[in-house]
Amino acid sequence: MENKYVKQFPDLMTGKTVMYVHGFGSSAQSGTVRRLREVLCQANVIAEDMPLHPQEAIDLLHHLCQEHHPDLIIGTSMGGMYTEMLYGYDRIVINPAFEIGDTMVAHGMTGLQTFQNPRKDGVQQFIVNKAMVKEYKEISSHCFSGVDEEERKRVWGLFGDEDKTVDTYDLFLSHYPTAIHFHGEHRMDDRSYMHAVMPVIRWIDDLQNGRERTVVFITLDSVCDTWRKPRSSAQKAFRHLIETYNVYFVAPATHAVPIQMTEDMDWLQQYFDAPVYNHVVFTNSPQLLIGDYLVSTQPCDAFMGTSLQLGSDTFKTWEEIITYFDRLNGQ
């Protein structure tokens, strides 16, 4: 694996079945499927070519669910639209094309098209006409029809902040509460996949297993320097820690100037991406937090757990803090 972003996670979704639903004009041979199998090396990752006609596609997906009972379903673009409708399963929808009929017309997906990836049937080209667009509009009209309180807990939406193809964030948020922005375009690359999708898979796996990870709090001043740039190795440390720990950022609660709290949140999302979602605590008393570790530039002897002072003789840099946690091995 010669990729600086990619690594295997044999402890995630171990022995479980993950079903992937590809986007329009793609196939089960997409790079995302290969990457899922590579990274989730102890999971059973299944994927099938979606039929062109949407009713046939949704029928096939229901059959696959009945056959394989997936522990997690992940769908991108058109596949995200289909995935939302597979009620009763934990699901991640990535840049979901809930208005796919309109999207097809707006982005020139009609007429003669070429599949982006090889298909089992060997077909390389296909034609999208007005009748087929109508079929997609009809199938997408059934999105959100099965949403209830239980389903609202089982669907996670991921939306690229540079997606120029679809924009369904607000539509999704009107039905489901967990809508997360990530740095990326409509098509996932390795960076956005590892920094955005993998943390969400980890959260879902933890919930399914009832796993409670050791909690690490990191204060804003320990990752942000005086020039509002990330401190050296801070991003590396965060991405390393979230593989093992439940990591929260701690920022000042400036109630008199609420815009500052918004700016702090935006800054964290800019540099630490999707895992910031629901993992920021605003407080002026970090010593009162209940957790296992606290990393700060200031001494905090009153913290009930273990306090690590960045910049001290013991932990001069984030690299030394990384080494410290590596030796703990998740404890």
# chains A, B, ... in the order shown; residues from 1 in each chain; ligands from 1

call {"tool": "closest_atom_pairs", "arguments": {"of": "region 124-149 of chain A", "to": "region 82-89 of chain A", "cutoff": "9 Å", "atoms": "only C-alpha atoms", "output": "JSON lines"}}
result
{"residue": "A:Ile139", "atom": "CA", "partner": "A:Tyr82", "partner_atom": "CA", "distance": 8.9}
{"residue": "A:Ser140", "atom": "CA", "partner": "A:Tyr82", "partner_atom": "CA", "distance": 8.2}
{"residue": "A:His142", "atom": "CA", "partner": "A:Met85", "partner_atom": "CA", "distance": 7.7}
{"residue": "A:Cys143", "atom": "CA", "partner": "A:Met85", "partner_atom": "CA", "distance": 6.0}
{"residue": "A:Phe144", "atom": "CA", "partner": "A:Met85", "partner_atom": "CA", "distance": 6.9}
{"residue": "A:Ser145", "atom": "CA", "partner": "A:Met85", "partner_atom": "CA", "distance": 7.8}
{"residue": "A:Gly146", "atom": "CA", "partner": "A:Tyr87", "partner_atom": "CA", "distance": 6.8}
{"residue": "A:Val147", "atom": "CA", "partner": "A:Tyr87", "partner_atom": "CA", "distance": 8.0}

call {"tool": "write_last_selection", "arguments": {"atoms": "all heavy atoms", "output": "PDB file, in the first residue's frame"}}
result
ATOM      1  N   ILE A 139     -38.723   7.272  -9.014  1.00  0.00           N
ATOM      2  CA  ILE A 139     -38.155   6.499  -7.908  1.00  0.00           C
ATOM      3  C   ILE A 139     -37.666   7.417  -6.796  1.00  0.00           C
ATOM      4  O   ILE A 139     -37.812   7.119  -5.609  1.00  0.00           O
ATOM      5  CB  ILE A 139     -37.021   5.569  -8.396  1.00  0.00           C
ATOM      6  CG1 ILE A 139     -36.801   4.415  -7.402  1.00  0.00           C
ATOM      7  CG2 ILE A 139     -35.722   6.310  -8.611  1.00  0.00           C
ATOM      8  CD1 ILE A 139     -37.849   3.353  -7.448  1.00  0.00           C
ATOM      9  N   SER A 140     -37.092   8.569  -7.170  1.00  0.00           N
ATOM     10  CA  SER A 140     -36.574   9.479  -6.143  1.00  0.00           C
ATOM     11  C   SER A 140     -37.689  10.155  -5.355  1.00  0.00           C
ATOM     12  O   SER A 140     -37.451  10.659  -4.258  1.00  0.00           O
ATOM     13  CB  SER A 140     -35.661  10.534  -6.780  1.00  0.00           C
ATOM     14  OG  SER A 140     -36.377  11.363  -7.671  1.00  0.00           O
ATOM     15  N   HIS A 142     -39.843   8.685  -3.834  1.00  0.00           N
ATOM     16  CA  HIS A 142     -40.098   7.820  -2.679  1.00  0.00           C
ATOM     17  C   HIS A 142     -39.053   7.993  -1.583  1.00  0.00           C
ATOM     18  O   HIS A 142     -39.169   7.345  -0.534  1.00  0.00           O
ATOM     19  CB  HIS A 142     -40.153   6.365  -3.120  1.00  0.00           C
ATOM     20  CG  HIS A 142     -41.259   6.063  -4.095  1.00  0.00           C
ATOM     21  ND1 HIS A 142     -42.583   5.963  -3.704  1.00  0.00           N
ATOM     22  CD2 HIS A 142     -41.238   5.871  -5.439  1.00  0.00           C
ATOM     23  CE1 HIS A 142     -43.328   5.702  -4.772  1.00  0.00           C
ATOM     24  NE2 HIS A 142     -42.541   5.650  -5.831  1.00  0.00           N
ATOM     25  N   CYS A 143     -38.047   8.825  -1.820  1.00  0.00           N
ATOM     26  CA  CYS A 143     -37.057   9.093  -0.779  1.00  0.00           C
ATOM     27  C   CYS A 143     -37.737   9.667   0.458  1.00  0.00           C
ATOM     28  O   CYS A 143     -38.711  10.436   0.347  1.00  0.00           O
ATOM     29  CB  CYS A 143     -36.005  10.079  -1.283  1.00  0.00           C
ATOM     30  SG  CYS A 143     -34.871   9.388  -2.501  1.00  0.00           S
ATOM     31  N   PHE A 144     -37.268   9.285   1.607  1.00  0.00           N
ATOM     32  CA  PHE A 144     -37.725   9.785   2.916  1.00  0.00           C
ATOM     33  C   PHE A 144     -39.114   9.285   3.296  1.00  0.00           C
ATOM     34  O   PHE A 144     -39.651   9.697   4.322  1.00  0.00           O
ATOM     35  CB  PHE A 144     -37.709  11.326   2.957  1.00  0.00           C
ATOM     36  CG  PHE A 144     -36.447  11.933   2.412  1.00  0.00           C
ATOM     37  CD1 PHE A 144     -36.470  12.743   1.283  1.00  0.00           C
ATOM     38  CD2 PHE A 144     -35.227  11.700   3.027  1.00  0.00           C
ATOM     39  CE1 PHE A 144     -35.311  13.298   0.778  1.00  0.00           C
ATOM     40  CE2 PHE A 144     -34.062  12.254   2.521  1.00  0.00           C
ATOM     41  CZ  PHE A 144     -34.095  13.058   1.390  1.00  0.00           C
ATOM     42  N   SER A 145     -39.689   8.381   2.505  1.00  0.00           N
ATOM     43  CA  SER A 145     -41.048   7.926   2.794  1.00  0.00           C
ATOM     44  C   SER A 145     -41.124   7.050   4.042  1.00  0.00           C
ATOM     45  O   SER A 145     -42.198   6.904   4.633  1.00  0.00           O
ATOM     46  CB  SER A 145     -41.617   7.153   1.595  1.00  0.00           C
ATOM     47  OG  SER A 145     -40.813   6.011   1.307  1.00  0.00           O
ATOM     48  N   GLY A 146     -39.998   6.459   4.436  1.00  0.00           N
ATOM     49  CA  GLY A 146     -40.008   5.575   5.597  1.00  0.00           C
ATOM     50  C   GLY A 146     -39.298   6.136   6.807  1.00  0.00           C
ATOM     51  O   GLY A 146     -38.955   5.391   7.733  1.00  0.00           O
ATOM     52  N   VAL A 147     -39.066   7.440   6.826  1.00  0.00           N
ATOM     53  CA  VAL A 147     -38.330   8.050   7.936  1.00  0.00           C
ATOM     54  C   VAL A 147     -39.192   8.079   9.193  1.00  0.00           C
ATOM     55  O   VAL A 147     -40.333   8.541   9.171  1.00  0.00           O
ATOM     56  CB  VAL A 147     -37.887   9.484   7.581  1.00  0.00           C
ATOM     57  CG1 VAL A 147     -37.165  10.121   8.768  1.00  0.00           C
ATOM     58  CG2 VAL A 147     -36.990   9.472   6.354  1.00  0.00           C
TER      59      VAL A 147
END

call {"tool": "residues_around", "arguments": {"residues": "Leu60 (chain A)", "least_positions_apart": "5", "cutoff": "10 Å", "atoms": "only C-alpha atoms", "output": "list of chain:residue names"}}
result
A:Glu48, A:Asp49, A:Met50, A:Pro51, A:Pro54, A:Gln55, A:Cys65, A:Gln66

call {"tool": "select_by_dssp", "arguments": {"residues": "region 12-246 of chain A", "states": "helix (DSSP H, G or I)", "output": "count of residues only"}}
result
90

call {"tool": "select_by_dssp", "arguments": {"residues": "region 145-222 of chain A", "states": "strand (DSSP E or B)", "output": "list in words"}}
result
Val155, Trp156, Gly157, Leu158, Phe159, Gly160, Ala179, Ile180, His181, Phe182, Val215, Val216, Phe217, Ile218 and Thr219 of chain A

call {"tool": "write_last_selection", "arguments": {"atoms": "N, CA, C and O atoms", "output": "PDB file, in the first residue's frame"}}
result
ATOM      1  N   VAL A 155     -29.038   6.784   9.956  1.00  0.00           N
ATOM      2  CA  VAL A 155     -28.525   7.286   8.673  1.00  0.00           C
ATOM      3  C   VAL A 155     -27.578   8.454   8.914  1.00  0.00           C
ATOM      4  O   VAL A 155     -27.908   9.402   9.625  1.00  0.00           O
ATOM      5  N   TRP A 156     -26.407   8.373   8.292  1.00  0.00           N
ATOM      6  CA  TRP A 156     -25.384   9.418   8.390  1.00  0.00           C
ATOM      7  C   TRP A 156     -25.171   9.994   6.994  1.00  0.00           C
ATOM      8  O   TRP A 156     -24.923   9.246   6.040  1.00  0.00           O
ATOM      9  N   GLY A 157     -25.274  11.308   6.872  1.00  0.00           N
ATOM     10  CA  GLY A 157     -25.074  11.962   5.578  1.00  0.00           C
ATOM     11  C   GLY A 157     -23.743  12.686   5.524  1.00  0.00           C
ATOM     12  O   GLY A 157     -23.410  13.456   6.427  1.00  0.00           O
ATOM     13  N   LEU A 158     -22.974  12.427   4.465  1.00  0.00           N
ATOM     14  CA  LEU A 158     -21.692  13.095   4.253  1.00  0.00           C
ATOM     15  C   LEU A 158     -21.762  13.910   2.970  1.00  0.00           C
ATOM     16  O   LEU A 158     -22.151  13.380   1.923  1.00  0.00           O
ATOM     17  N   PHE A 159     -21.359  15.191   3.065  1.00  0.00           N
ATOM     18  CA  PHE A 159     -21.529  16.111   1.939  1.00  0.00           C
ATOM     19  C   PHE A 159     -20.236  16.867   1.682  1.00  0.00           C
ATOM     20  O   PHE A 159     -19.729  17.583   2.550  1.00  0.00           O
ATOM     21  N   GLY A 160     -19.694  16.706   0.474  1.00  0.00           N
ATOM     22  CA  GLY A 160     -18.461  17.386   0.104  1.00  0.00           C
ATOM     23  C   GLY A 160     -18.673  18.885  -0.033  1.00  0.00           C
ATOM     24  O   GLY A 160     -19.626  19.321  -0.676  1.00  0.00           O
ATOM     25  N   ALA A 179     -26.007  15.337   9.502  1.00  0.00           N
ATOM     26  CA  ALA A 179     -25.503  15.809   8.209  1.00  0.00           C
ATOM     27  C   ALA A 179     -24.129  16.433   8.427  1.00  0.00           C
ATOM     28  O   ALA A 179     -24.003  17.401   9.173  1.00  0.00           O
ATOM     29  N   ILE A 180     -23.116  15.876   7.782  1.00  0.00           N
ATOM     30  CA  ILE A 180     -21.730  16.251   8.065  1.00  0.00           C
ATOM     31  C   ILE A 180     -21.051  16.721   6.782  1.00  0.00           C
ATOM     32  O   ILE A 180     -21.070  16.017   5.767  1.00  0.00           O
ATOM     33  N   HIS A 181     -20.447  17.884   6.825  1.00  0.00           N
ATOM     34  CA  HIS A 181     -19.638  18.349   5.700  1.00  0.00           C
ATOM     35  C   HIS A 181     -18.225  17.779   5.799  1.00  0.00           C
ATOM     36  O   HIS A 181     -17.695  17.605   6.895  1.00  0.00           O
ATOM     37  N   PHE A 182     -17.640  17.487   4.627  1.00  0.00           N
ATOM     38  CA  PHE A 182     -16.233  17.074   4.588  1.00  0.00           C
ATOM     39  C   PHE A 182     -15.543  17.809   3.450  1.00  0.00           C
ATOM     40  O   PHE A 182     -16.202  18.334   2.545  1.00  0.00           O
ATOM     41  N   VAL A 215     -11.349   8.496  26.523  1.00  0.00           N
ATOM     42  CA  VAL A 215     -11.625   9.866  26.073  1.00  0.00           C
ATOM     43  C   VAL A 215     -10.397  10.750  26.224  1.00  0.00           C
ATOM     44  O   VAL A 215      -9.768  10.797  27.290  1.00  0.00           O
ATOM     45  N   VAL A 216     -10.077  11.462  25.135  1.00  0.00           N
ATOM     46  CA  VAL A 216      -8.983  12.430  25.128  1.00  0.00           C
ATOM     47  C   VAL A 216      -9.547  13.797  24.755  1.00  0.00           C
ATOM     48  O   VAL A 216     -10.175  13.949  23.709  1.00  0.00           O
ATOM     49  N   PHE A 217      -9.325  14.787  25.611  1.00  0.00           N
ATOM     50  CA  PHE A 217      -9.688  16.169  25.312  1.00  0.00           C
ATOM     51  C   PHE A 217      -8.452  16.922  24.836  1.00  0.00           C
ATOM     52  O   PHE A 217      -7.365  16.776  25.410  1.00  0.00           O
ATOM     53  N   ILE A 218      -8.636  17.735  23.791  1.00  0.00           N
ATOM     54  CA  ILE A 218      -7.536  18.550  23.252  1.00  0.00           C
ATOM     55  C   ILE A 218      -8.008  19.996  23.202  1.00  0.00           C
ATOM     56  O   ILE A 218      -8.997  20.304  22.530  1.00  0.00           O
ATOM     57  N   THR A 219      -7.322  20.885  23.898  1.00  0.00           N
ATOM     58  CA  THR A 219      -7.738  22.291  23.899  1.00  0.00           C
ATOM     59  C   THR A 219      -7.353  22.960  22.587  1.00  0.00           C
ATOM     60  O   THR A 219      -6.377  22.578  21.933  1.00  0.00           O
TER      61      THR A 219
END

call {"tool": "closest_residue", "arguments": {"among": "A:Glu151, A:Glu67, A:Asp11, A:Asp59", "to": "Gln42 (chain A)", "atoms": "only C-alpha atoms"}}
result
A:Asp11

call {"tool": "residues_around", "arguments": {"residues": "Arg202 (chain A)", "least_positions_apart": "5", "cutoff": "9 Å", "atoms": "only C-alpha atoms", "output": "list in words"}}
result
Leu12, Met13, Val197, Leu207 and Glu243 of chain A

call {"tool": "closest_atom_pairs", "arguments": {"of": "region 159-247 of chain A", "to": "region 309-316 of chain A", "cutoff": "12 Å", "atoms": "only C-alpha atoms", "output": "CSV"}}
result
residue,atom,partner,partner_atom,distance
A:Phe217,CA,A:Gln309,CA,12.0
A:Ile218,CA,A:Leu310,CA,10.2
A:Thr219,CA,A:Leu310,CA,10.2
A:Leu220,CA,A:Leu310,CA,11.7
A:Asp221,CA,A:Leu310,CA,9.7
A:Ser222,CA,A:Leu310,CA,6.7
A:Val223,CA,A:Leu310,CA,9.6
A:Cys224,CA,A:Leu310,CA,11.9
A:Arg231,CA,A:Leu310,CA,10.7
A:Ser232,CA,A:Lys316,CA,11.1
A:Ser233,CA,A:Lys316,CA,11.8
A:Ala234,CA,A:Leu310,CA,10.8

call {"tool": "atom_distance", "arguments": {"atom1": "CA of Gly111 (chain A)", "atom2": "CA of Ser77 (chain A)"}}
result
19.5 Å

call {"tool": "atom_distance", "arguments": {"atom1": "CA of Pro70 (chain A)", "atom2": "CA of Thr17 (chain A)"}}
result
4.8 Å

call {"tool": "atom_distance", "arguments": {"atom1": "CA of His183 (chain A)", "atom2": "CA of Ile321 (chain A)"}}
result
26.3 Å

call {"tool": "closest_atom_pairs", "arguments": {"of": "region 34-139 of chain A", "to": "region 171-174 of chain A", "cutoff": "10 Å", "atoms": "only C-alpha atoms", "output": "CSV"}}
result
residue,atom,partner,partner_atom,distance
A:Glu84,CA,A:Phe172,CA,9.8
A:Val93,CA,A:Phe172,CA,9.8
A:Pro96,CA,A:Phe172,CA,8.7
A:Phe98,CA,A:Leu171,CA,8.4
A:Glu99,CA,A:Leu171,CA,9.8

call {"tool": "residues_around", "arguments": {"residues": "Gly305 (chain A)", "least_positions_apart": "2", "cutoff": "6 Å", "atoms": "only C-alpha atoms", "output": "list in words"}}
result
Asp292, Tyr293 and Phe303 of chain A
